[in-house]
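J.: Encoded as structure tokens, here's the structure I'll be asking about.
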Amino acid sequence: MLNQPNFRILAFAILVSGAGSALVPIAFAIETTRVEGRGWGLVCVMIGLWIGRFLGMIIYKRVGFNFHPLQIMIMSSLGMSLAQICLLFWIWLFSNGILAMSISSLFYGIAAAFFKPSTFVSIPIMISKNLHQQANSILSIIGDTYAIMGPLLGAALTIGLGFEFVLMFDGITFFITIILLKILYLRRNSENNYLEKDKLKVENKFALNDFNYFPVWTYLGLLSWLFCSLAIGIIGVAGPTLIMANFSETAWAFVATSMAAGSLFGSTTSLLGLTQKIQWSILHLLCGLALGIQLVVLNFSNTIWVVCFVVFLGAMSVTISGIRWDTVNQSEFTGRKLHVFASLDQFANNIGIPTGIILFGIAGILDFKEPMITVVGVLAFVFTIPVFLYSIVKVRFHAKKSS
């Protein structure tokens, strides 16, 4: 896969951009604590980021199909870089504050909302259909690796060299990413004599009443991922909260490492094609089941190694199902519909994860954590069942029709 020059450039660009982005969450968490120690500062920064993501998502859905995905990725990288560099200059000229970081996070979130769906759209445009899963797996491995290394390196660099260094480093990596993506964009135009751009324009010309039309399984899948994302959001806050309360901080480090390792193992499994012969609906059913079990175990288990094993399997199943979901839809849709699907898919994640975080907070206030976590775990599994049943009905229908 990496022997293809175009994908190699794309993968390297994402590798470079991720180097800075992986440091940012922990760096902002540490800096907001320094500036405002009571906790509301981090909440404001996170709210700014998520509002930005929602705004960017809405804008992308409306206008993203008008541009080549590589052009959007270039502008997205520029926006994220400027958000960090402008905050850096503000700190140098004045002093850091929660308002400044919240505004920077808002614009960073808007720009970031364009990058991931454009990356998703760029895969089927540049890479042949039989290589989609390998490409998605490699990009997932890059993300998984940064998920493991990012918090540790981000904390070390922020404490050792300062928050400003992380901002500068992130801004510089995005400028390098812009150069790489620009090279790739020019290379694609040179190779295809702009046929790629013309193809996109032709594919984008479908009737307005077809704008939101997708097969039934797509809607079932998006609904299911919404509840899976809800569970993932709860796991993100319930995990450290419950594990540190019931065990220790060291125990959470083991659990977090197991989770990251499971995701990395899932990406590697997909890259090697070990699950290629299994239908996505089955993989997704296992994903929902694993998420449900993971939430129940986080609630009730008193053995840390059981928790580590379960979160490993949960992260692995989510990653495998997610990669196959991307691959299937990249092969199914083209043009404007591919852009619209990418925005809807991002919407499911952007709604589900923060909603899960909020629900856990509310449940904590009302002393209703255990029932709420259990219910969400059950729902994550229940909403994968229609996807599985529909695939069975569809296969039987086609078999009957062909006979």
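Order determines the names: the first chain of the structure tokens is A, the second B, and so forth; residues in each chain are numbered 1 upward, and ligands are numbered 1 upward as they are shown.
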Excluding same-chain residues fewer than 2 positions from Thr173 (chain A), what lies within 9 Å of it counting only C-alpha atoms, as a PDB file with N, CA, C and O atoms, in the first residue's frame?
T.:
```pdb
ATOM      1  N   VAL A  16       2.346  13.781   9.776  1.00  0.00           N
ATOM      2  CA  VAL A  16       2.922  15.050  10.235  1.00  0.00           C
ATOM      3  C   VAL A  16       1.895  15.877  10.991  1.00  0.00           C
ATOM      4  O   VAL A  16       2.165  16.407  12.076  1.00  0.00           O
ATOM      5  N   SER A  17       0.682  15.998  10.436  1.00  0.00           N
ATOM      6  CA  SER A  17      -0.342  16.806  11.099  1.00  0.00           C
ATOM      7  C   SER A  17      -0.716  16.219  12.453  1.00  0.00           C
ATOM      8  O   SER A  17      -0.981  16.939  13.416  1.00  0.00           O
ATOM      9  N   GLY A  18      -0.738  14.886  12.532  1.00  0.00           N
ATOM     10  CA  GLY A  18      -1.091  14.235  13.785  1.00  0.00           C
ATOM     11  C   GLY A  18      -0.049  14.395  14.866  1.00  0.00           C
ATOM     12  O   GLY A  18      -0.365  14.320  16.062  1.00  0.00           O
ATOM     13  N   ALA A  19       1.211  14.650  14.471  1.00  0.00           N
ATOM     14  CA  ALA A  19       2.289  14.792  15.447  1.00  0.00           C
ATOM     15  C   ALA A  19       2.026  15.948  16.406  1.00  0.00           C
ATOM     16  O   ALA A  19       2.289  15.852  17.608  1.00  0.00           O
ATOM     17  N   GLY A  20       1.505  17.048  15.872  1.00  0.00           N
ATOM     18  CA  GLY A  20       1.177  18.183  16.727  1.00  0.00           C
ATOM     19  C   GLY A  20      -0.175  18.036  17.392  1.00  0.00           C
ATOM     20  O   GLY A  20      -0.338  18.329  18.581  1.00  0.00           O
ATOM     21  N   SER A  21      -1.156  17.555  16.621  1.00  0.00           N
ATOM     22  CA  SER A  21      -2.517  17.442  17.145  1.00  0.00           C
ATOM     23  C   SER A  21      -2.611  16.483  18.319  1.00  0.00           C
ATOM     24  O   SER A  21      -3.449  16.658  19.208  1.00  0.00           O
ATOM     25  N   SER A  81      -3.760  25.741  11.827  1.00  0.00           N
ATOM     26  CA  SER A  81      -2.454  26.346  12.099  1.00  0.00           C
ATOM     27  C   SER A  81      -2.598  27.786  12.573  1.00  0.00           C
ATOM     28  O   SER A  81      -1.976  28.204  13.557  1.00  0.00           O
ATOM     29  N   MET A 168       3.436  26.297  18.972  1.00  0.00           N
ATOM     30  CA  MET A 168       4.326  26.550  17.846  1.00  0.00           C
ATOM     31  C   MET A 168       4.556  25.266  17.041  1.00  0.00           C
ATOM     32  O   MET A 168       4.498  25.278  15.801  1.00  0.00           O
ATOM     33  N   PHE A 169       4.797  24.182  17.752  1.00  0.00           N
ATOM     34  CA  PHE A 169       5.049  22.902  17.088  1.00  0.00           C
ATOM     35  C   PHE A 169       3.833  22.463  16.277  1.00  0.00           C
ATOM     36  O   PHE A 169       3.955  22.017  15.130  1.00  0.00           O
ATOM     37  N   ASP A 170       2.637  22.591  16.856  1.00  0.00           N
ATOM     38  CA  ASP A 170       1.418  22.212  16.152  1.00  0.00           C
ATOM     39  C   ASP A 170       1.211  23.080  14.919  1.00  0.00           C
ATOM     40  O   ASP A 170       0.854  22.580  13.846  1.00  0.00           O
ATOM     41  N   GLY A 171       1.433  24.376  15.063  1.00  0.00           N
ATOM     42  CA  GLY A 171       1.286  25.276  13.918  1.00  0.00           C
ATOM     43  C   GLY A 171       2.252  24.940  12.799  1.00  0.00           C
ATOM     44  O   GLY A 171       1.881  24.935  11.614  1.00  0.00           O
ATOM     45  N   PHE A 175       1.683  23.612   8.742  1.00  0.00           N
ATOM     46  CA  PHE A 175       2.254  24.254   7.555  1.00  0.00           C
ATOM     47  C   PHE A 175       2.991  23.232   6.692  1.00  0.00           C
ATOM     48  O   PHE A 175       2.927  23.279   5.461  1.00  0.00           O
ATOM     49  N   ILE A 176       3.694  22.291   7.315  1.00  0.00           N
ATOM     50  CA  ILE A 176       4.348  21.219   6.558  1.00  0.00           C
ATOM     51  C   ILE A 176       3.299  20.349   5.873  1.00  0.00           C
ATOM     52  O   ILE A 176       3.462  19.945   4.717  1.00  0.00           O
ATOM     53  N   THR A 177       2.203  20.087   6.579  1.00  0.00           N
ATOM     54  CA  THR A 177       1.102  19.311   6.003  1.00  0.00           C
ATOM     55  C   THR A 177       0.535  20.001   4.775  1.00  0.00           C
ATOM     56  O   THR A 177       0.236  19.346   3.761  1.00  0.00           O
ATOM     57  N   ILE A 178       0.379  21.310   4.845  1.00  0.00           N
ATOM     58  CA  ILE A 178      -0.131  22.080   3.700  1.00  0.00           C
ATOM     59  C   ILE A 178       0.764  21.892   2.482  1.00  0.00           C
ATOM     60  O   ILE A 178       0.287  21.683   1.358  1.00  0.00           O
TER      61      ILE A 178
END
```
J.: What lies within 10 Å of Met259 (chain A) using only C-alpha atoms, ignoring chain neighbours under 3 positions off, as a list of chain:residue names?
T.: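 Surrounding residues, per the criterion: A:Asp144, A:Ala147, A:Ile148, A:Ala253, A:Phe254, A:Val255, A:Ala256, A:Gly262, A:Ser263, A:Leu264, A:Phe265, A:Val307, A:Cys308, A:Phe309, A:Val310, A:Val311, A:Phe312, A:Leu313, A:Gly314, A:Ala315, A:Met316.
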J.: Hey, what's within 6 Å of Ser118 (chain A) if we count only C-alpha atoms and toss same-chain stuff fewer than 3 positions away? As a compact mmCIF listing (two decimals) with N, CA, C and O atoms, in the first residue's frame, please?
T.:
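New file part.txt:
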```
# COMPACT_ATOMS: atom_id res chain seq x y z
N PRO A 69 -11.39 17.40 -2.32
CA PRO A 69 -11.11 17.13 -0.90
C PRO A 69 -9.69 17.53 -0.47
O PRO A 69 -9.49 17.93 0.67
N PHE A 115 -11.39 18.46 8.07
CA PHE A 115 -10.23 17.64 7.72
C PHE A 115 -10.58 16.16 7.62
O PHE A 115 -10.27 15.51 6.61
N VAL A 121 -13.17 11.25 2.02
CA VAL A 121 -13.57 11.37 0.62
C VAL A 121 -12.39 11.18 -0.32
O VAL A 121 -12.54 10.67 -1.43
```
J.: For a quick check of understanding, using only C-alpha atoms, which of A:Leu230, A:Leu93, A:Met101, A:Leu222 has the smallest distance to Thr355 (chain A)?
T.: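 Result for the nearest residue to Thr355 (chain A): A:Leu230.
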J.: Which is closer to Gly64 (chain A) than all the others in A:Leu167, A:Leu153, A:Met80, A:Ala113, using only C-alpha atoms?
T.: A:Ala113
J.: Show me, as a list in words, the residues that have an atom within 7 Å of region 234-247 of chain A when counting only C-alpha atoms, minus same-chain residues fewer than 2 positions from it.
T.: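 Result of the neighbour search: Leu230, Ala231, Ile232, Glu249, Ala251, Trp252, Leu295, Leu298, Gly356, Ile357 and Phe360 of chain A.
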J.: Find the distance between CA of Ser105 (chain A) and CA of Phe65 (chain A) and write it in Å to one decimal.
T.: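 About the pair CA of Ser105 (chain A) and CA of Phe65 (chain A): they are 25.2 Å apart.
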J.: Pick out each residue of region 90-249 of chain A that DSSP on the backbone tags as alpha helix (DSSP H); I need them as a count of residues only.
T.: 134
J.: I'd like the contact shell of Ala111 (chain A) - 7 Å cut-off, only C-alpha atoms, skipping same-chain residues fewer than 5 positions apart - returned as a list in words.
T.: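 Near Ala111 (chain A), the qualifying residues are Gly56, Ser76, Gly79 and Met80 of chain A.
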J.: Limited to C-alpha atoms, could you put the picked residues into a file as a PDB file, in the first residue's frame?
T.:
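Output saved as again.pdb:
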```pdb
ATOM      1  CA  GLY A  56     -17.770  23.360  10.717  1.00  0.00           C
ATOM      2  CA  SER A  76      -8.488  23.067   7.016  1.00  0.00           C
ATOM      3  CA  GLY A  79      -7.212  27.233   9.634  1.00  0.00           C
ATOM      4  CA  MET A  80      -5.979  24.966  12.434  1.00  0.00           C
TER       5      MET A  80
END
```
J.: Need the shell around Pro124 (chain A): protein/DNA/RNA residues with any atom at most 12 Å away, counting only C-alpha atoms. Skip same-chain ones fewer than 6 positions apart. Format as a list in words?
T.: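 Surrounding residues, per the criterion: Phe7, Pro69, Ser118, Asn130, Leu131, His132, Gln133, Gln134, Ala135, Asn136, Glu196, Leu200, Asp326, Thr327, Val328, Asn329, Gln330, Ser331, Glu332, Phe333, Thr334, Gly335, Leu338 and His339 of chain A.
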J.: Deliver the residues from the most recent selection as a file, using C-alpha atoms, as a PDB file, in the first residue's frame.
T.:
```pdb
ATOM      1  CA  PHE A   7      -1.006   7.444  -0.850  1.00  0.00           C
ATOM      2  CA  PRO A  69     -11.105  17.133  -0.897  1.00  0.00           C
ATOM      3  CA  SER A 118     -12.228  15.274   3.417  1.00  0.00           C
ATOM      4  CA  ASN A 130      -9.585  -3.139  -3.585  1.00  0.00           C
ATOM      5  CA  LEU A 131      -7.092  -1.089  -1.537  1.00  0.00           C
ATOM      6  CA  HIS A 132      -9.570   1.031   0.451  1.00  0.00           C
ATOM      7  CA  GLN A 133      -9.464  -1.143   3.560  1.00  0.00           C
ATOM      8  CA  GLN A 134      -5.669  -1.192   3.615  1.00  0.00           C
ATOM      9  CA  ALA A 135      -5.562   2.591   3.264  1.00  0.00           C
ATOM     10  CA  ASN A 136      -8.104   3.100   6.059  1.00  0.00           C
ATOM     11  CA  GLU A 196     -10.599  13.912 -11.396  1.00  0.00           C
ATOM     12  CA  LEU A 200     -16.411  15.246  -9.203  1.00  0.00           C
ATOM     13  CA  ASP A 326     -15.630   3.474   6.112  1.00  0.00           C
ATOM     14  CA  THR A 327     -14.455   1.041   3.447  1.00  0.00           C
ATOM     15  CA  VAL A 328     -17.957  -0.125   2.519  1.00  0.00           C
ATOM     16  CA  ASN A 329     -19.309   3.400   2.166  1.00  0.00           C
ATOM     17  CA  GLN A 330     -16.291   4.679   0.237  1.00  0.00           C
ATOM     18  CA  SER A 331     -16.991   1.930  -2.278  1.00  0.00           C
ATOM     19  CA  GLU A 332     -20.754   2.581  -2.326  1.00  0.00           C
ATOM     20  CA  PHE A 333     -20.966   6.359  -2.849  1.00  0.00           C
ATOM     21  CA  THR A 334     -19.302   8.903  -5.105  1.00  0.00           C
ATOM     22  CA  GLY A 335     -19.340  12.645  -5.664  1.00  0.00           C
ATOM     23  CA  LEU A 338     -19.912  10.765  -0.576  1.00  0.00           C
ATOM     24  CA  HIS A 339     -19.443  14.255   0.879  1.00  0.00           C
TER      25      HIS A 339
END
```
J.: Which is closest to Trp50 (chain A) among A:Ile320, A:Leu78, A:Ile159, A:Ile353, if we use only C-alpha atoms?
T.: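 Ranked by minimum distance to Trp50 (chain A), first place goes to A:Ile353.
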